[in-house]
>>> print(open('query.cif').read())   # mmCIF, C-alpha atoms and all ligand atoms
data_target
loop_
_atom_site.label_atom_id
_atom_site.label_comp_id
_atom_site.auth_asym_id
_atom_site.auth_seq_id
_atom_site.Cartn_x
_atom_site.Cartn_y
_atom_site.Cartn_z
CA MET A 1 14.44 18.80 -10.02
CA THR A 2 14.60 17.87 -13.72
CA ARG A 3 10.95 16.96 -14.23
CA PRO A 4 7.63 18.11 -12.77
CA LEU A 5 6.81 16.82 -9.28
CA LEU A 6 5.68 13.20 -9.28
CA MET A 7 2.34 13.39 -7.45
CA ILE A 8 0.71 10.17 -8.70
CA PRO A 9 -0.28 7.51 -6.14
CA GLY A 10 3.09 5.78 -6.57
CA PRO A 11 5.88 5.82 -7.51
CA ILE A 12 6.49 9.03 -5.56
CA GLU A 13 9.28 11.48 -4.84
CA ILE A 14 11.97 9.97 -2.58
CA SER A 15 14.05 11.60 0.13
CA PRO A 16 17.69 12.67 -0.41
CA ALA A 17 18.78 10.06 2.18
CA VAL A 18 17.02 7.22 0.32
CA HIS A 19 18.42 8.46 -2.98
CA ALA A 20 21.96 8.59 -1.57
CA ALA A 21 21.64 5.11 -0.04
CA TYR A 22 20.51 3.67 -3.39
CA GLN A 23 23.31 5.21 -5.45
CA PRO A 24 26.56 3.22 -4.80
CA LEU A 25 27.95 0.83 -7.41
CA PRO A 26 26.07 -2.50 -7.11
CA PRO A 27 27.32 -4.32 -4.01
CA SER A 28 27.43 -8.11 -3.57
CA HIS A 29 24.50 -9.68 -1.76
CA VAL A 30 26.96 -11.07 0.78
CA SER A 31 28.92 -7.85 1.36
CA PRO A 32 28.94 -6.66 4.98
CA GLY A 33 26.99 -3.51 4.07
CA VAL A 34 24.17 -5.44 2.39
CA ILE A 35 24.02 -8.05 5.14
CA GLU A 36 23.71 -5.29 7.74
CA ALA A 37 21.12 -3.35 5.69
CA PHE A 38 19.05 -6.50 5.07
CA GLY A 39 19.11 -7.57 8.73
CA ALA A 40 18.36 -4.07 10.00
CA SER A 41 15.52 -3.69 7.47
CA LEU A 42 13.86 -6.90 8.68
CA GLU A 43 14.04 -5.60 12.25
CA ARG A 44 12.71 -2.18 11.25
CA MET A 45 9.86 -3.72 9.25
CA ARG A 46 8.55 -5.17 12.52
CA GLU A 47 8.46 -1.62 13.95
CA VAL A 48 6.68 -0.22 10.89
CA TRP A 49 4.20 -3.12 10.78
CA ARG A 50 3.75 -2.87 14.58
CA VAL A 51 4.56 -6.49 15.46
CA ASP A 52 6.96 -8.45 17.68
CA THR A 53 9.51 -11.14 16.84
CA SER A 54 6.83 -13.83 16.57
CA TYR A 55 5.96 -12.28 13.18
CA GLN A 56 8.08 -13.00 10.09
CA PRO A 57 9.02 -10.20 7.68
CA PHE A 58 9.99 -11.03 4.06
CA ILE A 59 11.91 -8.78 1.66
CA ALA A 60 11.56 -9.92 -1.95
CA SER A 61 12.42 -8.46 -5.34
CA GLY A 62 9.50 -7.27 -7.40
CA SER A 63 6.52 -4.98 -7.36
CA GLY A 64 3.39 -5.00 -5.20
CA THR A 65 1.83 -7.65 -7.43
CA VAL A 66 4.68 -10.01 -6.46
CA ALA A 67 3.91 -9.38 -2.78
CA MET A 68 0.24 -10.16 -3.48
CA ASP A 69 1.09 -13.43 -5.25
CA MET A 70 3.56 -14.33 -2.50
CA ALA A 71 0.88 -13.85 0.15
CA ILE A 72 -1.81 -15.74 -1.74
CA SER A 73 0.30 -18.68 -2.88
CA ASN A 74 1.51 -19.32 0.69
CA VAL A 75 -1.81 -19.13 2.53
CA VAL A 76 -4.50 -20.03 -0.03
CA ASP A 77 -5.02 -23.55 -1.37
CA SER A 78 -7.69 -25.24 -3.48
CA ASP A 79 -9.74 -26.21 -0.41
CA ASP A 80 -10.00 -22.59 0.81
CA ARG A 81 -13.11 -20.45 0.78
CA VAL A 82 -11.99 -16.87 0.19
CA LEU A 83 -14.13 -13.85 0.95
CA ILE A 84 -13.03 -10.69 -0.88
CA VAL A 85 -14.04 -7.36 0.66
CA ASN A 86 -13.99 -5.81 -2.79
CA THR A 87 -13.29 -2.09 -3.19
CA GLY A 88 -12.11 -2.06 -6.80
CA TYR A 89 -9.38 -2.84 -9.27
CA PHE A 90 -6.79 -4.29 -6.88
CA SER A 91 -9.37 -6.36 -4.97
CA ASP A 92 -10.30 -7.94 -8.31
CA ARG A 93 -6.62 -8.67 -8.94
CA ILE A 94 -6.05 -10.46 -5.62
CA ALA A 95 -9.34 -12.36 -6.08
CA GLU A 96 -8.05 -13.66 -9.42
CA MET A 97 -4.85 -14.82 -7.70
CA ALA A 98 -6.91 -16.80 -5.16
CA ASN A 99 -9.05 -18.12 -8.02
CA ARG A 100 -5.90 -19.38 -9.76
CA ARG A 101 -5.05 -21.33 -6.60
CA GLY A 102 -8.33 -23.19 -7.12
CA ALA A 103 -10.05 -21.64 -4.09
CA THR A 104 -13.78 -20.89 -3.96
CA ILE A 105 -14.32 -17.13 -4.11
CA GLU A 106 -17.10 -14.87 -2.86
CA HIS A 107 -17.15 -11.06 -3.12
CA VAL A 108 -18.80 -8.39 -0.99
CA ARG A 109 -18.97 -5.46 -3.38
CA CYS A 110 -19.86 -1.78 -3.10
CA GLU A 111 -20.16 1.30 -5.27
CA ALA A 112 -16.90 2.79 -6.57
CA GLY A 113 -15.31 5.03 -3.94
CA TYR A 114 -17.24 3.42 -1.08
CA VAL A 115 -16.37 0.46 1.16
CA PRO A 116 -18.70 -2.46 1.90
CA ALA A 117 -20.70 -1.85 5.11
CA SER A 118 -19.57 -4.03 8.02
CA ASP A 119 -23.08 -5.50 8.28
CA ALA A 120 -22.79 -6.62 4.66
CA VAL A 121 -19.35 -8.18 5.32
CA SER A 122 -20.68 -9.92 8.39
CA ALA A 123 -23.77 -11.26 6.58
CA ALA A 124 -21.69 -12.46 3.63
CA ALA A 125 -19.31 -14.25 5.99
CA LYS A 126 -22.19 -15.95 7.85
CA ALA A 127 -23.60 -17.27 4.59
CA PHE A 128 -20.25 -18.20 2.98
CA ARG A 129 -18.17 -19.41 6.00
CA PRO A 130 -14.76 -18.22 4.70
CA THR A 131 -11.41 -19.74 5.64
CA VAL A 132 -9.59 -16.62 4.37
CA VAL A 133 -10.78 -12.99 4.26
CA ILE A 134 -8.93 -10.55 1.99
CA ALA A 135 -9.22 -6.78 1.67
CA THR A 136 -7.34 -3.94 0.02
CA HIS A 137 -6.48 -1.51 2.83
CA VAL A 138 -6.56 1.46 0.46
CA ASP A 139 -7.78 0.80 -3.06
CA THR A 140 -5.67 3.02 -5.29
CA SER A 141 -8.28 2.83 -8.03
CA THR A 142 -10.86 4.70 -5.91
CA GLY A 143 -9.05 6.21 -2.89
CA ALA A 144 -11.31 4.25 -0.51
CA ARG A 145 -9.94 2.96 2.82
CA VAL A 146 -11.54 -0.03 4.56
CA ASP A 147 -11.98 -0.36 8.33
CA VAL A 148 -9.42 -3.08 9.06
CA PRO A 149 -10.38 -3.97 12.69
CA SER A 150 -14.03 -4.58 11.76
CA ILE A 151 -13.02 -6.93 8.93
CA ILE A 152 -10.69 -8.83 11.26
CA SER A 153 -13.42 -9.19 13.86
CA VAL A 154 -15.77 -10.73 11.27
CA ALA A 155 -12.97 -13.07 10.06
CA ARG A 156 -12.27 -14.12 13.65
CA GLU A 157 -15.87 -15.28 14.11
CA HIS A 158 -15.17 -17.85 11.40
CA ASP A 159 -11.58 -18.54 12.45
CA ALA A 160 -10.52 -17.28 9.01
CA LEU A 161 -7.04 -15.98 8.16
CA THR A 162 -6.84 -12.34 7.05
CA VAL A 163 -4.72 -10.87 4.26
CA PHE A 164 -4.51 -7.11 3.68
CA ASP A 165 -3.03 -5.47 0.60
CA GLY A 166 -1.29 -2.40 2.00
CA VAL A 167 0.46 -1.36 -1.22
CA CYS A 168 -1.15 2.09 -1.15
CA ALA A 169 -1.47 2.25 2.65
CA THR A 170 1.49 0.86 4.61
CA ALA A 171 3.28 3.68 6.47
CA GLY A 172 0.59 6.18 5.49
CA GLU A 173 -2.39 4.66 7.30
CA ALA A 174 -2.66 3.25 10.83
CA PHE A 175 -2.14 -0.51 10.83
CA GLU A 176 -1.59 -2.23 14.17
CA MET A 177 -0.83 -5.67 12.81
CA LYS A 178 -0.37 -7.43 16.17
CA ALA A 179 -2.92 -5.51 18.22
CA TRP A 180 -5.55 -5.91 15.52
CA GLY A 181 -4.60 -9.54 14.77
CA ALA A 182 -3.99 -9.49 10.99
CA ASP A 183 -2.22 -12.51 9.46
CA VAL A 184 -0.54 -11.06 6.35
CA TYR A 185 0.09 -7.40 5.56
CA LEU A 186 1.86 -6.78 2.27
CA THR A 187 3.20 -3.74 0.46
CA ALA A 188 5.62 -2.48 -2.18
CA SER A 189 8.55 -0.10 -1.91
CA GLN A 190 7.32 2.71 -4.17
CA LYS A 191 4.52 4.23 -2.13
CA ALA A 192 4.41 5.48 1.47
CA ILE A 193 7.48 3.36 2.35
CA GLY A 194 9.29 5.97 0.24
CA LEU A 195 11.60 4.08 -2.16
CA PRO A 196 11.79 3.61 -5.91
CA PRO A 197 9.77 0.64 -7.25
CA GLY A 198 11.46 -2.76 -6.93
CA LEU A 199 10.83 -4.41 -3.56
CA ALA A 200 7.88 -6.54 -2.45
CA LEU A 201 7.52 -6.51 1.33
CA LEU A 202 5.29 -8.51 3.61
CA VAL A 203 4.94 -9.66 7.20
CA ALA A 204 3.28 -12.96 8.15
CA SER A 205 1.84 -14.03 11.51
CA GLU A 206 2.66 -17.40 13.13
CA ARG A 207 -0.75 -18.59 11.98
CA ALA A 208 0.07 -17.66 8.38
CA MET A 209 3.45 -19.42 8.62
CA LYS A 210 1.71 -22.56 9.96
CA ARG A 211 -0.81 -22.37 7.12
CA ARG A 212 2.09 -22.56 4.64
CA GLU A 213 3.22 -25.83 6.24
CA ARG A 214 -0.15 -27.37 5.34
CA ILE A 215 -0.29 -26.04 1.75
CA GLU A 216 -0.43 -28.99 -0.69
CA ASN A 217 -0.38 -27.09 -3.98
CA LEU A 218 3.14 -25.65 -3.43
CA PRO A 219 3.86 -21.98 -4.24
CA PRO A 220 6.30 -21.20 -7.09
CA MET A 221 9.80 -21.50 -5.59
CA ILE A 222 10.60 -17.78 -5.93
CA LEU A 223 7.53 -16.89 -3.84
CA ASP A 224 7.76 -19.69 -1.31
CA PHE A 225 7.96 -18.69 2.37
CA ALA A 226 9.75 -22.02 2.99
CA GLN A 227 12.55 -21.17 0.52
CA TRP A 228 13.00 -17.66 1.87
CA LEU A 229 12.65 -18.30 5.60
CA PRO A 230 16.25 -19.55 6.14
CA ILE A 231 17.52 -16.57 4.12
CA MET A 232 15.58 -14.09 6.26
CA HIS A 233 16.85 -15.84 9.40
CA ALA A 234 20.45 -15.71 8.15
CA TYR A 235 20.32 -12.02 7.26
CA GLU A 236 18.71 -11.19 10.58
CA ALA A 237 21.56 -13.07 12.30
CA ARG A 238 23.91 -10.94 10.12
CA LYS A 239 25.19 -14.00 8.25
CA PRO A 240 25.73 -14.36 4.48
CA SER A 241 23.19 -16.45 2.66
CA TYR A 242 21.83 -17.16 -0.83
CA PHE A 243 18.71 -18.49 -2.48
CA ALA A 244 18.07 -15.91 -5.23
CA THR A 245 19.96 -12.63 -5.69
CA PRO A 246 18.29 -9.76 -3.82
CA ALA A 247 18.05 -6.25 -5.33
CA THR A 248 21.11 -5.11 -3.40
CA ASN A 249 20.91 -1.35 -4.06
CA MET A 250 17.24 -1.41 -3.14
CA VAL A 251 18.04 -3.16 0.13
CA LEU A 252 20.47 -0.34 0.99
CA ALA A 253 17.71 2.15 0.16
CA LEU A 254 15.21 0.18 2.22
CA GLU A 255 17.29 0.45 5.35
CA ALA A 256 17.52 4.22 4.88
CA GLY A 257 13.80 4.58 4.13
CA LEU A 258 12.64 2.50 7.08
CA LYS A 259 15.06 4.36 9.35
CA GLU A 260 13.46 7.66 8.37
CA LEU A 261 10.10 6.21 9.43
CA THR A 262 11.20 4.60 12.68
CA ASP A 263 13.27 7.63 13.72
CA VAL A 264 10.10 9.72 13.61
CA GLY A 265 7.88 6.92 14.99
CA MET A 266 4.90 5.35 13.23
CA SER A 267 2.21 7.20 15.13
CA GLU A 268 3.71 10.56 14.08
CA VAL A 269 4.27 9.37 10.47
CA VAL A 270 0.61 8.33 10.21
CA ALA A 271 -0.57 11.53 11.94
CA ARG A 272 1.44 13.56 9.39
CA HIS A 273 -0.25 11.72 6.53
CA GLN A 274 -3.63 12.43 8.13
CA ARG A 275 -2.81 16.15 8.54
CA VAL A 276 -1.67 16.42 4.92
CA ALA A 277 -4.73 14.51 3.63
CA ASP A 278 -7.03 16.83 5.62
CA ALA A 279 -5.24 19.89 4.23
CA MET A 280 -5.35 18.64 0.63
CA ARG A 281 -9.08 17.95 1.08
CA ALA A 282 -9.59 21.48 2.46
CA ALA A 283 -8.01 22.75 -0.76
CA TRP A 284 -10.18 20.51 -3.00
CA LYS A 285 -13.30 21.70 -1.17
CA GLN A 286 -12.26 25.33 -1.57
CA LEU A 287 -11.80 24.70 -5.31
CA GLY A 288 -15.35 23.34 -5.53
CA LEU A 289 -14.12 19.80 -6.21
CA THR A 290 -15.59 16.56 -4.82
CA LEU A 291 -14.18 13.07 -4.40
CA LEU A 292 -15.21 9.93 -6.31
CA GLY A 293 -16.59 8.52 -3.04
CA PRO A 294 -17.62 10.03 0.30
CA TRP A 295 -15.13 12.10 2.33
CA GLU A 296 -15.60 9.73 5.33
CA ASN A 297 -13.78 6.69 3.92
CA ALA A 298 -11.20 8.66 1.92
CA ALA A 299 -7.61 7.46 2.38
CA ASN A 300 -4.74 9.49 3.82
CA THR A 301 -2.50 8.56 0.91
CA LEU A 302 -4.37 9.86 -2.15
CA SER A 303 -7.38 11.82 -3.38
CA ALA A 304 -9.59 10.52 -6.21
CA ILE A 305 -11.16 13.75 -7.46
CA ARG A 306 -14.16 14.01 -9.78
CA TYR A 307 -13.80 16.20 -12.85
CA PRO A 308 -16.14 19.14 -12.27
CA ALA A 309 -18.89 19.86 -14.81
CA GLY A 310 -17.45 20.79 -18.20
CA VAL A 311 -13.93 19.46 -17.44
CA ASP A 312 -12.61 16.13 -18.78
CA ALA A 313 -9.46 13.99 -18.59
CA THR A 314 -7.47 16.45 -20.75
CA VAL A 315 -7.00 18.51 -17.55
CA VAL A 316 -4.56 15.83 -16.31
CA SER A 317 -1.89 16.83 -18.84
CA THR A 318 -2.48 20.53 -18.13
CA ILE A 319 -1.86 19.87 -14.42
CA GLY A 320 1.38 18.09 -15.43
CA ALA A 321 2.42 21.02 -17.62
CA ASN A 322 1.76 23.27 -14.59
CA GLY A 323 4.37 21.36 -12.58
CA ALA A 324 2.71 18.36 -10.89
CA ILE A 325 2.24 14.98 -12.56
CA VAL A 326 -1.07 13.44 -11.43
CA ALA A 327 -2.83 10.26 -12.58
CA GLY A 328 -6.06 9.59 -14.46
CA GLY A 329 -8.85 7.34 -13.17
CA LEU A 330 -8.25 3.58 -12.87
CA HIS A 331 -11.57 2.01 -11.90
CA PRO A 332 -12.68 0.25 -15.11
CA LYS A 333 -16.26 1.59 -15.03
CA HIS A 334 -15.58 5.11 -13.78
CA LYS A 335 -12.11 6.02 -15.03
CA ALA A 336 -13.35 8.84 -17.27
CA GLU A 337 -14.96 10.58 -14.28
CA TYR A 338 -12.00 11.36 -12.01
CA PHE A 339 -8.26 11.82 -11.57
CA ARG A 340 -5.93 10.91 -8.71
CA VAL A 341 -3.40 12.88 -6.67
CA GLY A 342 -1.01 11.00 -4.39
CA HIS A 343 0.01 12.58 -1.06
CA MET A 344 2.20 10.10 0.73
CA GLY A 345 5.75 9.35 1.85
CA TYR A 346 8.48 12.00 1.70
CA THR A 347 6.13 14.37 -0.14
CA THR A 348 4.14 14.80 3.08
CA THR A 349 7.19 16.47 4.67
CA GLN A 350 7.54 19.05 1.87
CA SER A 351 4.77 21.64 2.17
CA GLU A 352 6.07 23.65 -0.82
CA TRP A 353 5.43 20.57 -3.01
CA LEU A 354 1.86 20.39 -1.72
CA VAL A 355 1.45 24.10 -2.53
CA GLN A 356 2.90 23.51 -6.02
CA THR A 357 0.42 20.66 -6.58
CA VAL A 358 -2.66 22.58 -5.42
CA ASN A 359 -1.53 25.55 -7.55
CA ALA A 360 -1.12 23.29 -10.59
CA VAL A 361 -4.62 21.83 -10.11
CA GLU A 362 -6.21 25.23 -9.46
CA SER A 363 -4.76 26.94 -12.53
CA ALA A 364 -5.48 23.93 -14.77
CA MET A 365 -9.11 23.88 -13.62
CA ASN A 366 -9.44 27.58 -14.42
CA HIS A 367 -7.77 27.02 -17.80
CA HIS A 368 -10.36 24.30 -18.58
CA GLY A 369 -13.30 26.53 -17.59
CA HIS A 370 -13.93 25.59 -13.94
CA ARG A 371 -13.65 28.95 -12.17
CA CYS A 372 -12.09 28.56 -8.73
CA GLY A 373 -9.55 30.10 -6.36
CA GLY A 374 -8.11 30.19 -2.85
CA GLY A 375 -6.91 26.57 -2.87
CA VAL A 376 -3.40 27.32 -1.64
CA GLU A 377 -4.69 29.56 1.18
CA ALA A 378 -7.07 26.78 2.28
CA LEU A 379 -4.21 24.26 2.17
CA ILE A 380 -1.83 26.46 4.16
CA SER A 381 -4.36 27.37 6.81
CA ALA A 382 -5.33 23.69 7.25
CA LEU A 383 -1.65 22.69 7.49
CA ALA A 384 -1.10 25.32 10.17
CA LYS A 385 -3.85 23.85 12.39
N1 LIG A 401 -2.38 -3.09 -4.72
C1 LIG A 401 -2.58 -1.78 -4.66
C2 LIG A 401 -3.54 -1.26 -3.64
C3 LIG A 401 -1.89 -0.92 -5.51
O1 LIG A 401 -2.07 0.40 -5.44
C4 LIG A 401 -0.98 -1.45 -6.46
C5 LIG A 401 -0.20 -0.55 -7.41
N2 LIG A 401 -0.76 0.64 -7.75
C6 LIG A 401 -0.81 -2.83 -6.49
C7 LIG A 401 -1.51 -3.62 -5.60
C8 LIG A 401 0.12 -3.46 -7.46
O2 LIG A 401 1.40 -3.05 -7.22
P1 LIG A 401 2.50 -3.00 -8.37
O3 LIG A 401 2.01 -2.11 -9.44
O4 LIG A 401 3.71 -2.48 -7.66
O5 LIG A 401 2.65 -4.40 -8.85
#
>>> encode(input="query.cif", output="structure tokens")
Amino acid sequence: MTRPLLMIPGPIEISPAVHAAYQPLPPSHVSPGVIEAFGASLERMREVWRVDTSYQPFIASGSGTVAMDMAISNVVDSDDRVLIVNTGYFSDRIAEMANRRGATIEHVRCEAGYVPASDAVSAAAKAFRPTVVIATHVDTSTGARVDVPSIISVAREHDALTVFDGVCATAGEAFEMKAWGADVYLTASQKAIGLPPGLALLVASERAMKRRERIENLPPMILDFAQWLPIMHAYEARKPSYFATPATNMVLALEAGLKELTDVGMSEVVARHQRVADAMRAAWKQLGLTLLGPWENAANTLSAIRYPAGVDATVVSTIGANGAIVAGGLHPKHKAEYFRVGHMGYTTTQSEWLVQTVNAVESAMNHHGHRCGGGVEALISALAK
């Protein structure tokens, strides 16, 4: 490897198979290889999202923010009442997207690192009567994970559509889209899906697709479900098609990345993320470190770790110099209080990278005056459980 390990909460290290699939000279979007990869990826997305053929996957070019705007512009209109289960930076972003559609917005907020209590969500919904409920599955700014089924059950009481931002969650956290009854689940390629940045991915329920038919304030063409639906149908039927040029190398990589997930099976992939998260947390505890929020709602995919007394954000570059690139805080009010370590995707299969990361954190903490030790032993013994 020519640089330190990339242990931020996305982009992340990718597997050799994904790297190899990405590498060929740029193919045409109507070449047999791309048509097959696109069609197979749509089919595999249904396995990863845990849905049947009544749900419609979309593969678009762009980052997670594109997937968010695609979701919002197809299911939110000016007459909607949108309840945001707000856990931080990315909940604020999706709220602003709904605001720009002219919808009426209400937030249920909580302290940084926490998630709103389900009683609070339920009470807010009773008072506000939402038509759409939106939550960030894992908020990357705080490392907090919401309880998706309880949010859906509140939304159901009001017959509201649900949209979940899974950018920092999909393929690292359990999400049973059909069984739980979510309407849109969106993500990006560069996190637990295990690709470089560049693809915006989402799956829509029949209800969400019907909502698009009634949207009066049309989405921008490039984001419009109606423009892309025939293209998705064509690729799934393994036929050439064109509306706007897809990121062809990324589509080849997507097929390889999704295959790695479906070959293992989603329940095992999620269980692996849980095991690794538990082991990383065992190491943080051993090092005398605490999280920004409570351990109970901490995500599988990253840790948001408070700087211990006497240590500040300069430790982040020392950790990088020790061999693992980690990220600073992101929550606007609290960013000087914590740093973030990603543990998702291919990285979760490479225990020596986890060891390297814990080692880098441990020695940097000691270098900055926080005396600690035994992190790697705690990690290894938790991984062996
Ligand atoms: N939502 C969440 C939860 C995220 O973590 C991110 C990216 N960190 C985004 C949305 C935005 O994605 P992108 O940066 O790929 O546009």
>>> closest_residue(input="query.cif", among="A:Lys335, A:His29, A:Arg275, A:Lys385", to="Tyr89 (chain A)", atoms="only C-alpha atoms")
A:Lys335
>>> closest_residue(input="query.cif", among="A:Asp165, A:Asp52, A:Glu13, A:Glu36", to="Val251 (chain A)", atoms="all atoms listed in the file")
A:Glu36
>>> atom_distance(input="query.cif", atom1="CA of Asn300 (chain A)", atom2="CA of Val146 (chain A)")
11.7 Å
>>> residues_around(input="query.cif", residues="Leu254 (chain A)", least_positions_apart="5", cutoff="10 Å", atoms="only C-alpha atoms", output="list in words")
Val18, Ala21, Tyr22, Ala37, Phe38, Ala40, Ser41, Leu42, Arg44, Met45, Ile59, Ser189, Ile193, Gly194, Leu195, Pro196, Leu199, Thr248, Asn249, Lys259 and Glu260 of chain A
>>> write_last_selection(input="query.cif", atoms="C-alpha atoms", output="JSON list (two decimals), in the coordinates of the input")
[["chain", "number", "residue", "atom", "x", "y", "z"],
["A", 18, "VAL", "CA", 17.02, 7.22, 0.32],
["A", 21, "ALA", "CA", 21.64, 5.11, -0.04],
["A", 22, "TYR", "CA", 20.51, 3.67, -3.39],
["A", 37, "ALA", "CA", 21.12, -3.35, 5.69],
["A", 38, "PHE", "CA", 19.05, -6.50, 5.07],
["A", 40, "ALA", "CA", 18.36, -4.07, 10.00],
["A", 41, "SER", "CA", 15.52, -3.69, 7.47],
["A", 42, "LEU", "CA", 13.86, -6.90, 8.68],
["A", 44, "ARG", "CA", 12.71, -2.18, 11.25],
["A", 45, "MET", "CA", 9.86, -3.72, 9.25],
["A", 59, "ILE", "CA", 11.91, -8.78, 1.66],
["A", 189, "SER", "CA", 8.55, -0.10, -1.91],
["A", 193, "ILE", "CA", 7.48, 3.36, 2.35],
["A", 194, "GLY", "CA", 9.29, 5.97, 0.24],
["A", 195, "LEU", "CA", 11.60, 4.08, -2.16],
["A", 196, "PRO", "CA", 11.79, 3.61, -5.91],
["A", 199, "LEU", "CA", 10.83, -4.41, -3.56],
["A", 248, "THR", "CA", 21.11, -5.11, -3.40],
["A", 249, "ASN", "CA", 20.91, -1.35, -4.06],
["A", 259, "LYS", "CA", 15.06, 4.36, 9.35],
["A", 260, "GLU", "CA", 13.46, 7.66, 8.37]]
>>> residues_around(input="query.cif", residues="region 103-112 of chain A", least_positions_apart="6", cutoff="7 Å", atoms="only C-alpha atoms", output="PyMOL selection string")
chain A and resi 77-88+121+124+142+293
>>> atom_distance(input="query.cif", atom1="CA of Arg50 (chain A)", atom2="CA of Met177 (chain A)")
5.7 Å
>>> residues_around(input="query.cif", residues="Ala204 (chain A)", least_positions_apart="4", cutoff="10 Å", atoms="all atoms listed in the file", output="ChimeraX atom specification")
/A:51,54-58,71,74-75,163,177,182-186,208-210,225
>>> closest_atom_pairs(input="query.cif", of="chain A", to="ligand LIG 401 (chain A)", cutoff="6 Å", atoms="only C-alpha atoms and all ligand atoms", output="JSON lines")
{"residue": "A:Ser63", "atom": "CA", "partner": "A:LIG401", "partner_atom": "O4", "distance": 3.8}
{"residue": "A:Gly64", "atom": "CA", "partner": "A:LIG401", "partner_atom": "O2", "distance": 3.4}
{"residue": "A:Thr65", "atom": "CA", "partner": "A:LIG401", "partner_atom": "O5", "distance": 3.6}
{"residue": "A:Phe90", "atom": "CA", "partner": "A:LIG401", "partner_atom": "N1", "distance": 5.1}
{"residue": "A:Thr136", "atom": "CA", "partner": "A:LIG401", "partner_atom": "C2", "distance": 5.9}
{"residue": "A:Val138", "atom": "CA", "partner": "A:LIG401", "partner_atom": "C2", "distance": 5.8}
{"residue": "A:Asp139", "atom": "CA", "partner": "A:LIG401", "partner_atom": "C2", "distance": 4.7}
{"residue": "A:Thr140", "atom": "CA", "partner": "A:LIG401", "partner_atom": "O1", "distance": 4.5}
{"residue": "A:Asp165", "atom": "CA", "partner": "A:LIG401", "partner_atom": "N1", "distance": 5.9}
{"residue": "A:Val167", "atom": "CA", "partner": "A:LIG401", "partner_atom": "C1", "distance": 4.6}
{"residue": "A:Cys168", "atom": "CA", "partner": "A:LIG401", "partner_atom": "O1", "distance": 4.7}
{"residue": "A:Ala188", "atom": "CA", "partner": "A:LIG401", "partner_atom": "O4", "distance": 5.8}
>>> axis_aligned_box(input="query.cif", around="region 202-213 of chain A", padding_each_side="5 Å", output="AutoDock Vina command-line options")
--center_x 2.2 --center_y -17.2 --center_z 8.4 --size_x 16.1 --size_y 27.3 --size_z 19.5
>>> residues_around(input="query.cif", residues="Ser122 (chain A)", least_positions_apart="4", cutoff="10 Å", atoms="all atoms listed in the file", output="VMD selection string")
chain A and resid 108 117 to 118 126 to 128 150 to 151 153 to 155 157
>>> closest_residue(input="query.cif", among="A:Val133, A:Ala144, A:Ile305, A:Ala192", to="Phe164 (chain A)", atoms="all atoms listed in the file")
A:Val133
>>> closest_residue(input="query.cif", among="A:Gly143, A:Thr170, A:Ala244, A:Ala360", to="Tyr338 (chain A)", atoms="only C-alpha atoms")
A:Gly143
>>> closest_residue(input="query.cif", among="A:Ala171, A:Ser141, A:Arg340, A:Thr131", to="His158 (chain A)", atoms="all atoms listed in the file")
A:Thr131
>>> atom_distance(input="query.cif", atom1="CA of Asp224 (chain A)", atom2="CA of Arg145 (chain A)")
29.0 Å
>>> residues_around(input="query.cif", residues="Gln356 (chain A)", least_positions_apart="5", cutoff="9 Å", atoms="all atoms listed in the file", output="PyMOL selection string")
chain A and resi 5+322-324+351+361+376
>>> closest_residue(input="query.cif", among="A:Ile14, A:Leu379, A:Met221, A:Leu258", to="Met344 (chain A)", atoms="only C-alpha atoms")
A:Ile14
